[in-house]
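Student: Below is a structure I'd like to ask you about.
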Amino acid sequence: MQDIYDFRSIEADVQNNWTANEAFTVTEDPDRPKFYCLCMFPYPSGNLHMGHVRNYTIGDVVSRFKRMQGFNVLQPMGWDAFGLPAENAAIKNQTAPAKWTYQNIEEMREQLQRLGIAYDWSRELATCKPDYYRWEQWFFTKLIERGLAYKKMAMVNWDPVEQTVLANEQVDANGCGWRSGAKVERREIPQWFLKITQYADELLEETDKLDEWPEAVRTMQRNWIGRSVGVEFDFVLAGRGGVELDVTKDGKADAIRVYTTRPDTVAGVTYMAVAAEHPIARAAATTNSEVADFIAECASTGTSEAAMEALEKRGVPLGLEAINPVSGERVPVYVANFVLMTYGTGAVMSVPGHDQRDWEFAKKFGLPIKQVIQSSKDPVDVEESAFVDKQNTVTINSGEFDGLDFAAAYEATAKHLETSANGERKVNYRLRDWGVSRQRYWGCPIPVIYDKEGNVHTVPEEDLPVVLPEDVAFSGVKSPIAEDPDFINTTVPGTNEPGTRETDTFDTFFESSWYYARFCSPGANAMLDERANYWLPVDQYIGGVEHAVLHLLYARFFHKLMRDVGLVTSDEPFTRLLTQGMVVAESFYRNDGDGGKPVYYNRDELEISYDDKGRIASAILISDGQAVTVGRIEKMSKSKNNGVDPLKMIERYGADTMRLFSMSDTPPNQSLEWKEGGVEGMHRFLKRLWREALKLDDSYANAVLDTGSLSADQKAIRRKTHETIGKVSDDIERRFTFNTAIASMMELFNELSRFKDESESGKAVVHEAWSALVRLLSPFTPHITHELWQRMGYTTELIDEAWPEQDKDALTRDEIELVVQVNGKRRSSVTVAASTSKEDCEAAATADANVQRHLEGLTVRKVIVVPGRLVNIVAN
RNA sequence: GCCGGGGUGGUGAAAUUGGUAGACACGCCGGAUUCAAAAUCCGGUUCUGGAAACAGAGUGCGAGUUCAAGUCUCGCUCCCGGCACCA
């Protein structure tokens, strides 16, 4: 029998054993509590990276832990397989996106399997396969029937590099595409939308109930939905200046409709502003060239750039006046670049006294600033800045509405507007409907056929799926299906009329919005079947925080859609959410690229030296012997070339070491700093574990434990064992602090290594400790523990063992150490029997020599005894 | 600007309910083993003074509450993440 820790053969053998036994294949079992643990599935790039290792290890630890606790655990894995990288690779490598994707899936599955994650591979799915996407095509037709999917011309974010439409969420704060980084343009094209706004209220309300989600994610979702409560009402136009108007929503040509959350400030309106796209601005432009020029200018800058020019507020008067429905005053109407056509009515009332934007605009154009709200504490001057408080205020200069606080003024004015200004109370959302059309090839075809009049016909169920041709030549300029007559030309359903297929495909978030449910119904001849309601909702979902709004909001929306179509019975898809942090590492570069741009070097190409504090002192490129600059510690990425290949590391140290390292250093929601020294430390620990464990012979397993006759040291080992069981269980289950769980197991191991006692009772407590330790460690390092379990003489499979139970009796102490403080400073400690009374603790503490020394010349005023912890003597 | 999360040794971090600040690791220093190295083992490691016992200081900064504050309160500061003309 070999004594060295041969992780390569151990891991291969153990994995083969699991595969042969289909150890992680599960079916529904109504007699056992279920636990569905899911990690966000990967895009099959072909390369496993450290972020995957971290993500999937967390899920595996939770899954294996739950399994040992007796739960029927489902942990599946699949592939988020549609998307742009396949198209980019196709252009680069002259291969079809499908071929490239399927190859990557094969490779990545193999890489993933080397980590030894307890997946039920029989449920594996790939979103690019017709047997998956046919059901979302079917679902889409149901949504059209229910009016939840619709088509409209829409201004979209057009990425000029990727030649596609981006969702608002895919455009960053600078107006650039999230992947290409190119400046996004505006275009108007017909698009399919899902009515997520119809679910805005429910999504928002239930955000409050997701109490096992990180607060940060819930806040982001609330902000994203952006609910606001206000009043919509009309400002009647006074003079039209000869402008022919066809304006507001309800066809009224004589008023401008606005939305406000501050009806209490209407009396303070001194002007109005409309968006450049507003019909009244367009109408005015026909007779006013200054207005026309301004509108043209706004259109060319685009939404995103307009956002960038936030600091520069500009506008042009339309030559119109409207009547303030509260004060009766006439106010001028402007077209302004800061008003959004897509929110509210596209027109705003401006209250420069009580809104900072309006204030800035008024100052710039010399418009009057009228104060209608005053602080009930210290009077404020609205010439200095806008006064926006709502608390401790009183209305002034508002005629019949004077002297009211916010709530009363809101109510009174809203009522007035309802009766006199065609007003209605209204809730508005920042959230917009979800545009799901993409002008892309490698995605799920939208199952729609147009007749020659352009009418929409959904593809009937029996004709689904609309299969995406996979064997295509791909140039990258136009989607292959958009120029493929075999794909496009068809007949209109139910007729012999010629028809044409929709050539747009779905946003890939469509696929990832329901995959978690499909895992529950593999092979079902329906989108989902009754098995889904056994497993759903997902009990534990784990993934990157970058999906806090996009994917997680869409999936919640989809779940509610599926519920309303009758496919699932639950309201929310993910009960508990863990968002894991990034894996970060140093980057190294030289500014010798084109135009002095940095060129990044991987640490594999470098010789790195450290100072005596262990910090990086310098790095030298091996190939030319010259120094490179040590950059920031940042997320491992291709662009910074600071990634570390997990497979190389698994080859060098083993999967157990990589799993243990990824969990040991940092709590899962924080950034994990890559340090090979840390990996070596974990490897060292496993080698020591192996060596120490092999010292246990049969006499340990056979030793009889008599808890009634243990020595103090033996009791101490038992106490440590059972404390560790409690600590590790709590850290995994409740706290998610896997790093401290590992630390406590190391503490137990260190104590065991020092404990030398060959007596019967000594061997018995050691055996008990090892038996617990191996099981506690098994979710983290399942291979080595499997092997050790066998070598300890057990004939059972470790994965089928029960999680260790804490024996509360083992936790009791005969003696305790009390810290003694004098005036709050630690001066000594005394050991007393656990049963010692407060008075005796106090006496023992006071009697201590060092304590006496510090009490010299002082009078004791008070003694605080915290049982089991400390004694604080207050003296002066 | 608004919202959220943070700031603790040379480093990653721990301290869960206000009760011994720095667990567990990494790194470093010293020693053992070795012809030598790797590997392994033992000891030390918050800072200052001291051979040590011990003493003083110490959780971003400044106040406060308390017998006792990394933890609670108030003010400030810096960092990270998200959102940002949303009327």
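We name chains A, B, ... following the order of the structure tokens; residues begin at 1 in each chain, and ligands are numbered from 1 as shown.
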For range 122-125 of chain A, list every protein, DNA or RNA residue within 12 Å, evaluated using only C-alpha atoms (C1' of nucleotides), and leave out those in the same chain fewer than 3 positions away; present the list as a PDB file with N, CA, C and O atoms, in the first residue's frame.
Tutor:
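Full text of selection.pdb as output:
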```pdb
ATOM      1  N   THR A  19     -19.282   7.684 -11.178  1.00  0.00           N
ATOM      2  CA  THR A  19     -19.900   7.564 -12.498  1.00  0.00           C
ATOM      3  C   THR A  19     -20.527   6.186 -12.666  1.00  0.00           C
ATOM      4  O   THR A  19     -21.679   6.062 -13.094  1.00  0.00           O
ATOM      5  N   GLU A  22     -23.679   5.842 -10.840  1.00  0.00           N
ATOM      6  CA  GLU A  22     -24.652   6.928 -11.064  1.00  0.00           C
ATOM      7  C   GLU A  22     -25.028   7.553  -9.725  1.00  0.00           C
ATOM      8  O   GLU A  22     -26.198   7.732  -9.393  1.00  0.00           O
ATOM      9  N   ALA A  23     -23.991   7.892  -8.986  1.00  0.00           N
ATOM     10  CA  ALA A  23     -24.165   8.268  -7.586  1.00  0.00           C
ATOM     11  C   ALA A  23     -25.022   9.510  -7.384  1.00  0.00           C
ATOM     12  O   ALA A  23     -25.625   9.682  -6.329  1.00  0.00           O
ATOM     13  N   PHE A  24     -25.090  10.373  -8.374  1.00  0.00           N
ATOM     14  CA  PHE A  24     -25.781  11.646  -8.162  1.00  0.00           C
ATOM     15  C   PHE A  24     -27.022  11.803  -9.037  1.00  0.00           C
ATOM     16  O   PHE A  24     -27.555  12.885  -9.180  1.00  0.00           O
ATOM     17  N   THR A  25     -27.451  10.696  -9.621  1.00  0.00           N
ATOM     18  CA  THR A  25     -28.685  10.708 -10.389  1.00  0.00           C
ATOM     19  C   THR A  25     -29.851  10.632  -9.412  1.00  0.00           C
ATOM     20  O   THR A  25     -29.858   9.777  -8.533  1.00  0.00           O
ATOM     21  N   VAL A  26     -30.778  11.553  -9.555  1.00  0.00           N
ATOM     22  CA  VAL A  26     -31.893  11.574  -8.600  1.00  0.00           C
ATOM     23  C   VAL A  26     -33.240  11.540  -9.300  1.00  0.00           C
ATOM     24  O   VAL A  26     -33.370  11.949 -10.457  1.00  0.00           O
ATOM     25  N   THR A  27     -34.236  11.045  -8.565  1.00  0.00           N
ATOM     26  CA  THR A  27     -35.616  11.116  -9.045  1.00  0.00           C
ATOM     27  C   THR A  27     -36.463  11.668  -7.912  1.00  0.00           C
ATOM     28  O   THR A  27     -36.019  11.740  -6.770  1.00  0.00           O
ATOM     29  N   PHE A  41     -25.564  28.411 -14.928  1.00  0.00           N
ATOM     30  CA  PHE A  41     -24.853  27.588 -15.907  1.00  0.00           C
ATOM     31  C   PHE A  41     -23.928  28.439 -16.762  1.00  0.00           C
ATOM     32  O   PHE A  41     -24.160  29.632 -16.937  1.00  0.00           O
ATOM     33  N   PRO A  42     -22.858  27.813 -17.262  1.00  0.00           N
ATOM     34  CA  PRO A  42     -21.837  28.596 -17.948  1.00  0.00           C
ATOM     35  C   PRO A  42     -22.122  28.750 -19.438  1.00  0.00           C
ATOM     36  O   PRO A  42     -22.830  27.941 -20.032  1.00  0.00           O
ATOM     37  N   PRO A  44     -20.508  28.078 -22.846  1.00  0.00           N
ATOM     38  CA  PRO A  44     -19.454  27.118 -23.197  1.00  0.00           C
ATOM     39  C   PRO A  44     -18.348  27.753 -24.042  1.00  0.00           C
ATOM     40  O   PRO A  44     -18.269  27.539 -25.244  1.00  0.00           O
ATOM     41  N   LEU A  74     -31.030  17.660  -5.731  1.00  0.00           N
ATOM     42  CA  LEU A  74     -30.843  17.797  -7.175  1.00  0.00           C
ATOM     43  C   LEU A  74     -29.803  18.877  -7.440  1.00  0.00           C
ATOM     44  O   LEU A  74     -29.939  20.012  -6.975  1.00  0.00           O
ATOM     45  N   GLN A  75     -28.749  18.499  -8.158  1.00  0.00           N
ATOM     46  CA  GLN A  75     -27.776  19.477  -8.601  1.00  0.00           C
ATOM     47  C   GLN A  75     -27.453  19.203 -10.074  1.00  0.00           C
ATOM     48  O   GLN A  75     -26.659  18.328 -10.386  1.00  0.00           O
ATOM     49  N   PRO A  76     -28.046  19.944 -10.995  1.00  0.00           N
ATOM     50  CA  PRO A  76     -27.841  19.703 -12.415  1.00  0.00           C
ATOM     51  C   PRO A  76     -26.837  20.676 -13.030  1.00  0.00           C
ATOM     52  O   PRO A  76     -26.373  21.612 -12.375  1.00  0.00           O
ATOM     53  N   MET A  77     -26.495  20.432 -14.268  1.00  0.00           N
ATOM     54  CA  MET A  77     -25.566  21.316 -14.987  1.00  0.00           C
ATOM     55  C   MET A  77     -25.924  21.305 -16.476  1.00  0.00           C
ATOM     56  O   MET A  77     -26.384  20.298 -16.994  1.00  0.00           O
ATOM     57  N   GLY A  78     -25.732  22.459 -17.097  1.00  0.00           N
ATOM     58  CA  GLY A  78     -26.042  22.566 -18.526  1.00  0.00           C
ATOM     59  C   GLY A  78     -25.271  23.709 -19.149  1.00  0.00           C
ATOM     60  O   GLY A  78     -24.318  24.208 -18.557  1.00  0.00           O
ATOM     61  N   TRP A  79     -25.710  24.110 -20.336  1.00  0.00           N
ATOM     62  CA  TRP A  79     -24.918  25.047 -21.135  1.00  0.00           C
ATOM     63  C   TRP A  79     -25.767  26.165 -21.702  1.00  0.00           C
ATOM     64  O   TRP A  79     -26.761  25.912 -22.366  1.00  0.00           O
ATOM     65  N   ASP A  80     -25.351  27.363 -21.439  1.00  0.00           N
ATOM     66  CA  ASP A  80     -26.011  28.563 -21.957  1.00  0.00           C
ATOM     67  C   ASP A  80     -25.392  28.834 -23.327  1.00  0.00           C
ATOM     68  O   ASP A  80     -24.499  29.660 -23.460  1.00  0.00           O
ATOM     69  N   ALA A  81     -25.877  28.110 -24.336  1.00  0.00           N
ATOM     70  CA  ALA A  81     -25.043  27.848 -25.510  1.00  0.00           C
ATOM     71  C   ALA A  81     -25.231  28.795 -26.692  1.00  0.00           C
ATOM     72  O   ALA A  81     -24.427  28.771 -27.618  1.00  0.00           O
ATOM     73  N   TYR A 102     -20.623  22.986 -29.952  1.00  0.00           N
ATOM     74  CA  TYR A 102     -20.715  21.594 -29.488  1.00  0.00           C
ATOM     75  C   TYR A 102     -19.355  21.045 -29.075  1.00  0.00           C
ATOM     76  O   TYR A 102     -19.225  20.303 -28.106  1.00  0.00           O
ATOM     77  N   ILE A 105     -18.579  22.401 -25.689  1.00  0.00           N
ATOM     78  CA  ILE A 105     -19.346  21.730 -24.638  1.00  0.00           C
ATOM     79  C   ILE A 105     -18.665  20.424 -24.253  1.00  0.00           C
ATOM     80  O   ILE A 105     -18.509  20.118 -23.067  1.00  0.00           O
ATOM     81  N   GLU A 106     -18.221  19.669 -25.267  1.00  0.00           N
ATOM     82  CA  GLU A 106     -17.528  18.404 -24.987  1.00  0.00           C
ATOM     83  C   GLU A 106     -16.304  18.647 -24.109  1.00  0.00           C
ATOM     84  O   GLU A 106     -16.079  17.967 -23.115  1.00  0.00           O
ATOM     85  N   ARG A 109     -17.229  19.987 -20.519  1.00  0.00           N
ATOM     86  CA  ARG A 109     -17.820  18.964 -19.660  1.00  0.00           C
ATOM     87  C   ARG A 109     -16.707  18.121 -19.040  1.00  0.00           C
ATOM     88  O   ARG A 109     -16.716  17.828 -17.843  1.00  0.00           O
ATOM     89  N   ALA A 118     -20.803  16.957  -7.793  1.00  0.00           N
ATOM     90  CA  ALA A 118     -21.853  15.933  -7.732  1.00  0.00           C
ATOM     91  C   ALA A 118     -23.051  16.311  -8.601  1.00  0.00           C
ATOM     92  O   ALA A 118     -24.137  16.589  -8.096  1.00  0.00           O
ATOM     93  N   TYR A 119     -22.852  16.310  -9.912  1.00  0.00           N
ATOM     94  CA  TYR A 119     -23.945  16.665 -10.817  1.00  0.00           C
ATOM     95  C   TYR A 119     -24.722  15.440 -11.248  1.00  0.00           C
ATOM     96  O   TYR A 119     -24.146  14.371 -11.453  1.00  0.00           O
ATOM     97  N   CYS A 128     -29.006  25.526 -27.059  1.00  0.00           N
ATOM     98  CA  CYS A 128     -29.005  25.676 -28.513  1.00  0.00           C
ATOM     99  C   CYS A 128     -29.617  24.468 -29.209  1.00  0.00           C
ATOM    100  O   CYS A 128     -29.682  24.425 -30.434  1.00  0.00           O
ATOM    101  N   LYS A 129     -30.057  23.475 -28.416  1.00  0.00           N
ATOM    102  CA  LYS A 129     -30.640  22.284 -29.053  1.00  0.00           C
ATOM    103  C   LYS A 129     -32.146  22.458 -29.227  1.00  0.00           C
ATOM    104  O   LYS A 129     -32.828  22.965 -28.341  1.00  0.00           O
ATOM    105  N   PRO A 130     -32.655  21.990 -30.387  1.00  0.00           N
ATOM    106  CA  PRO A 130     -34.091  22.165 -30.663  1.00  0.00           C
ATOM    107  C   PRO A 130     -34.995  21.594 -29.577  1.00  0.00           C
ATOM    108  O   PRO A 130     -36.054  22.150 -29.312  1.00  0.00           O
ATOM    109  N   ASP A 131     -34.588  20.501 -28.919  1.00  0.00           N
ATOM    110  CA  ASP A 131     -35.473  19.933 -27.897  1.00  0.00           C
ATOM    111  C   ASP A 131     -35.551  20.817 -26.661  1.00  0.00           C
ATOM    112  O   ASP A 131     -36.405  20.616 -25.802  1.00  0.00           O
ATOM    113  N   TYR A 132     -34.656  21.783 -26.555  1.00  0.00           N
ATOM    114  CA  TYR A 132     -34.795  22.787 -25.498  1.00  0.00           C
ATOM    115  C   TYR A 132     -35.570  23.989 -26.016  1.00  0.00           C
ATOM    116  O   TYR A 132     -36.609  24.359 -25.479  1.00  0.00           O
ATOM    117  N   TYR A 133     -35.086  24.583 -27.109  1.00  0.00           N
ATOM    118  CA  TYR A 133     -35.676  25.866 -27.484  1.00  0.00           C
ATOM    119  C   TYR A 133     -37.063  25.741 -28.099  1.00  0.00           C
ATOM    120  O   TYR A 133     -37.782  26.728 -28.176  1.00  0.00           O
ATOM    121  N   GLU A 511     -33.361  32.247 -23.042  1.00  0.00           N
ATOM    122  CA  GLU A 511     -33.053  30.844 -22.700  1.00  0.00           C
ATOM    123  C   GLU A 511     -32.719  30.689 -21.214  1.00  0.00           C
ATOM    124  O   GLU A 511     -33.141  29.753 -20.556  1.00  0.00           O
ATOM    125  N   SER A 512     -31.929  31.649 -20.697  1.00  0.00           N
ATOM    126  CA  SER A 512     -31.464  31.487 -19.313  1.00  0.00           C
ATOM    127  C   SER A 512     -32.540  31.870 -18.302  1.00  0.00           C
ATOM    128  O   SER A 512     -32.329  31.737 -17.108  1.00  0.00           O
ATOM    129  N   TRP A 514     -35.411  30.347 -17.987  1.00  0.00           N
ATOM    130  CA  TRP A 514     -36.261  29.216 -17.550  1.00  0.00           C
ATOM    131  C   TRP A 514     -35.530  27.882 -17.502  1.00  0.00           C
ATOM    132  O   TRP A 514     -36.116  26.860 -17.148  1.00  0.00           O
ATOM    133  N   TYR A 515     -34.221  27.892 -17.732  1.00  0.00           N
ATOM    134  CA  TYR A 515     -33.482  26.622 -17.756  1.00  0.00           C
ATOM    135  C   TYR A 515     -33.549  25.892 -16.422  1.00  0.00           C
ATOM    136  O   TYR A 515     -33.559  24.666 -16.364  1.00  0.00           O
ATOM    137  N   TYR A 516     -33.588  26.694 -15.329  1.00  0.00           N
ATOM    138  CA  TYR A 516     -33.631  26.088 -13.996  1.00  0.00           C
ATOM    139  C   TYR A 516     -34.859  25.194 -13.849  1.00  0.00           C
ATOM    140  O   TYR A 516     -34.843  24.226 -13.098  1.00  0.00           O
ATOM    141  N   ALA A 517     -35.933  25.548 -14.549  1.00  0.00           N
ATOM    142  CA  ALA A 517     -37.167  24.758 -14.456  1.00  0.00           C
ATOM    143  C   ALA A 517     -37.088  23.517 -15.341  1.00  0.00           C
ATOM    144  O   ALA A 517     -37.539  22.436 -14.970  1.00  0.00           O
ATOM    145  N   ARG A 518     -36.484  23.677 -16.511  1.00  0.00           N
ATOM    146  CA  ARG A 518     -36.394  22.545 -17.434  1.00  0.00           C
ATOM    147  C   ARG A 518     -35.537  21.411 -16.858  1.00  0.00           C
ATOM    148  O   ARG A 518     -35.780  20.243 -17.147  1.00  0.00           O
ATOM    149  N   PHE A 519     -34.565  21.743 -16.042  1.00  0.00           N
ATOM    150  CA  PHE A 519     -33.754  20.703 -15.391  1.00  0.00           C
ATOM    151  C   PHE A 519     -34.630  19.723 -14.592  1.00  0.00           C
ATOM    152  O   PHE A 519     -34.243  18.595 -14.349  1.00  0.00           O
ATOM    153  N   CYS A 520     -35.794  20.204 -14.171  1.00  0.00           N
ATOM    154  CA  CYS A 520     -36.672  19.372 -13.352  1.00  0.00           C
ATOM    155  C   CYS A 520     -37.499  18.411 -14.191  1.00  0.00           C
ATOM    156  O   CYS A 520     -38.059  17.460 -13.665  1.00  0.00           O
ATOM    157  N   SER A 521     -37.609  18.704 -15.480  1.00  0.00           N
ATOM    158  CA  SER A 521     -38.460  17.880 -16.343  1.00  0.00           C
ATOM    159  C   SER A 521     -37.690  17.413 -17.572  1.00  0.00           C
ATOM    160  O   SER A 521     -38.097  17.688 -18.700  1.00  0.00           O
ATOM    161  N   PRO A 522     -36.572  16.700 -17.365  1.00  0.00           N
ATOM    162  CA  PRO A 522     -35.786  16.309 -18.537  1.00  0.00           C
ATOM    163  C   PRO A 522     -36.594  15.372 -19.438  1.00  0.00           C
ATOM    164  O   PRO A 522     -37.289  14.498 -18.936  1.00  0.00           O
ATOM    165  N   GLY A 523     -36.521  15.631 -20.731  1.00  0.00           N
ATOM    166  CA  GLY A 523     -37.171  14.740 -21.681  1.00  0.00           C
ATOM    167  C   GLY A 523     -38.676  14.893 -21.770  1.00  0.00           C
ATOM    168  O   GLY A 523     -39.314  14.190 -22.551  1.00  0.00           O
ATOM    169  N   ALA A 524     -39.264  15.778 -20.998  1.00  0.00           N
ATOM    170  CA  ALA A 524     -40.720  15.913 -21.014  1.00  0.00           C
ATOM    171  C   ALA A 524     -41.192  16.346 -22.399  1.00  0.00           C
ATOM    172  O   ALA A 524     -40.548  17.174 -23.046  1.00  0.00           O
TER     173      ALA A 524
END
```
Student: Could you list, with a cut-off of 12 Å and counting only C-alpha atoms (C1' of nucleotides), the residues of chain B near chain A, each shown with its nearest atom pair and the distance in Å rounded to one decimal, rows sorted by chain and ascending number, as a tab-separated table?
Tutor:
```
residue	atom	partner	partner_atom	distance
B:G1	C1'	A:Gln356	CA	10.6
B:C2	C1'	A:Asn223	CA	10.7
B:C3	C1'	A:Thr219	CA	7.7
B:G4	C1'	A:Ala216	CA	5.5
B:G5	C1'	A:Ala216	CA	7.9
B:G6	C1'	A:Gln670	CA	10.6
B:G9	C1'	A:Lys613	CA	11.6
B:G10	C1'	A:Lys613	CA	4.6
B:U11	C1'	A:Gly614	CA	7.5
B:G12	C1'	A:Asp665	CA	6.1
B:A13	C1'	A:Thr666	CA	6.8
B:A14	C1'	A:Thr740	CA	7.6
B:A15	C1'	A:Thr740	CA	11.1
B:U16	C1'	A:Arg735	CA	8.5
B:G19	C1'	A:Leu870	CA	7.0
B:U20	C1'	A:Val819	CA	6.2
B:A21	C1'	A:Arg826	CA	11.9
B:A23	C1'	A:Ala743	CA	7.8
B:C24	C1'	A:Ala743	CA	4.3
B:A25	C1'	A:Gly681	CA	7.2
B:C26	C1'	A:Gly678	CA	5.6
B:G27	C1'	A:Gly614	CA	4.9
B:C28	C1'	A:Asp612	CA	6.1
B:C29	C1'	A:Asp612	CA	9.7
B:A39	C1'	A:Arg684	CA	10.5
B:U40	C1'	A:Arg688	CA	9.9
B:C41	C1'	A:Arg688	CA	11.3
B:U45	C1'	A:Lys613	CA	11.8
B:A53	C1'	A:Asn850	CA	10.9
B:C54	C1'	A:Asn850	CA	9.9
B:A55	C1'	A:Arg827	CA	10.9
B:U66	C1'	A:Gly824	CA	11.0
B:C67	C1'	A:Val874	CA	6.2
B:A68	C1'	A:Gly824	CA	5.6
B:A69	C1'	A:Gly824	CA	11.2
B:C80	C1'	A:Ser671	CA	10.6
B:G81	C1'	A:Ala216	CA	9.3
B:G82	C1'	A:Met220	CA	6.7
B:C83	C1'	A:Asn223	CA	7.3
B:A84	C1'	A:Ala173	CA	8.5
B:C85	C1'	A:Phe338	CA	5.1
B:C86	C1'	A:Arg430	CA	5.9
B:A87	C1'	A:Thr260	CA	5.6
```
Student: What's the 12 Å shell around Lys695 in chain A, counting only C-alpha atoms (C1' of nucleotides), without same-chain residues fewer than 6 positions away, as a PyMOL selection string?
Tutor: chain A and resi 3+688-689+701+752-753+756+758+763+766-767+770+788+791-792
Student: Hey, what's within 7 Å of range 264-269 of chain A if we count only C-alpha atoms (C1' of nucleotides) and toss same-chain stuff fewer than 6 positions away? As a PyMOL selection string, please?
Tutor: chain A and resi 326-327+349-351+353+370-372+398+406+409-410+413
Student: When DSSP is applied to the backbone of this structure, which of range 726-833 of chain A are assigned helix (DSSP H, G or I)? Write them out as a PyMOL selection string.
Tutor: chain A and resi 726-735+738-754+760-777+782-791+798-800+808-811
Student: Within 6 Å of Gly581 in chain A, counting only C-alpha atoms (C1' of nucleotides), which residues qualify if same-chain residues fewer than 4 places away don't, as JSON, numbers by chain?
Tutor: {"A": [669, 670, 671]}
Student: Take the selection from the previous step and output its residues with C-alpha atoms, as an mmCIF file, in the first residue's frame.
Tutor:
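In the end it all went to again34.cif:
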```cif
data_model
loop_
_atom_site.group_PDB
_atom_site.id
_atom_site.type_symbol
_atom_site.label_atom_id
_atom_site.label_comp_id
_atom_site.auth_asym_id
_atom_site.auth_seq_id
_atom_site.Cartn_x
_atom_site.Cartn_y
_atom_site.Cartn_z
ATOM 1 C CA ASN A 669 -19.368 36.949 -1.424
ATOM 2 C CA GLN A 670 -15.994 38.721 -1.413
ATOM 3 C CA SER A 671 -13.254 38.860 -4.007
#
```
Student: What's around Trp690 in chain A at 12 Å? Count only C-alpha atoms (C1' of nucleotides), leave out sequence neighbours fewer than 5 positions away in its own chain, and write the answer as a list in words.
Tutor: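 Near neighbours after the sequence-gap exclusion: Gln2, Asp3, Ile4, Tyr5, Asp6, Phe7, Ile10, His683, Arg684, Phe685, Lys695, Leu696, Phe749, Ser753, Trp770, Val774, His783, Ile784, Thr785, His786, Glu787, Leu788, Trp789, Arg791 and Met792 of chain A.
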Student: Using only C-alpha atoms, which residue out of A:Thr737, A:Asn88, A:Asn397, A:Thr101 lies closest to Arg440 in chain A?
Tutor: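 Result for the nearest residue to Arg440 in chain A: A:Asn88.
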Student: Please provide the set of residues having any atom within 12 Å of Ser420 in chain A, restricted to only C-alpha atoms (C1' of nucleotides), with same-chain residues fewer than 6 positions apart removed, written as a list in words.
Tutor: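 Residues near the query, excluding close chain neighbours: Phe233, Asp234, Phe235, Val236, Asn324, Pro325, Val326, Gly328, Thr413 and Ala414 of chain A.
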Student: Kindly export the residues of the current selection with N, CA, C and O atoms, as an mmCIF file, in the first residue's frame.
Tutor:
```
data_model
loop_
_atom_site.group_PDB
_atom_site.id
_atom_site.type_symbol
_atom_site.label_atom_id
_atom_site.label_comp_id
_atom_site.auth_asym_id
_atom_site.auth_seq_id
_atom_site.Cartn_x
_atom_site.Cartn_y
_atom_site.Cartn_z
ATOM 1 N N PHE A 233 -51.736 65.107 -15.249
ATOM 2 C CA PHE A 233 -52.805 66.095 -15.480
ATOM 3 C C PHE A 233 -52.431 67.049 -16.615
ATOM 4 O O PHE A 233 -51.312 66.987 -17.134
ATOM 5 N N ASP A 234 -53.389 67.916 -16.987
ATOM 6 C CA ASP A 234 -53.214 68.792 -18.152
ATOM 7 C C ASP A 234 -52.875 70.226 -17.760
ATOM 8 O O ASP A 234 -53.421 70.759 -16.793
ATOM 9 N N PHE A 235 -51.983 70.793 -18.539
ATOM 10 C CA PHE A 235 -51.797 72.236 -18.539
ATOM 11 C C PHE A 235 -52.473 72.729 -19.816
ATOM 12 O O PHE A 235 -52.076 72.346 -20.913
ATOM 13 N N VAL A 236 -53.492 73.567 -19.681
ATOM 14 C CA VAL A 236 -54.197 74.060 -20.859
ATOM 15 C C VAL A 236 -53.353 75.140 -21.530
ATOM 16 O O VAL A 236 -52.750 75.979 -20.853
ATOM 17 N N ASN A 324 -51.196 77.586 -15.545
ATOM 18 C CA ASN A 324 -50.998 76.812 -14.327
ATOM 19 C C ASN A 324 -52.357 76.548 -13.687
ATOM 20 O O ASN A 324 -53.061 77.484 -13.322
ATOM 21 N N PRO A 325 -52.761 75.283 -13.554
ATOM 22 C CA PRO A 325 -54.107 74.969 -13.060
ATOM 23 C C PRO A 325 -54.309 75.285 -11.579
ATOM 24 O O PRO A 325 -55.427 75.201 -11.090
ATOM 25 N N VAL A 326 -53.257 75.637 -10.879
ATOM 26 C CA VAL A 326 -53.416 76.004 -9.469
ATOM 27 C C VAL A 326 -53.355 77.524 -9.300
ATOM 28 O O VAL A 326 -54.234 78.124 -8.707
ATOM 29 N N GLY A 328 -53.191 79.780 -11.884
ATOM 30 C CA GLY A 328 -53.803 80.530 -12.972
ATOM 31 C C GLY A 328 -52.804 81.339 -13.778
ATOM 32 O O GLY A 328 -53.164 81.986 -14.763
ATOM 33 N N THR A 413 -53.991 69.149 -3.443
ATOM 34 C CA THR A 413 -53.700 69.536 -4.817
ATOM 35 C C THR A 413 -54.116 68.433 -5.793
ATOM 36 O O THR A 413 -54.674 68.699 -6.855
ATOM 37 N N ALA A 414 -53.837 67.169 -5.413
ATOM 38 C CA ALA A 414 -54.191 66.062 -6.293
ATOM 39 C C ALA A 414 -55.697 66.053 -6.545
ATOM 40 O O ALA A 414 -56.148 65.864 -7.677
#
```
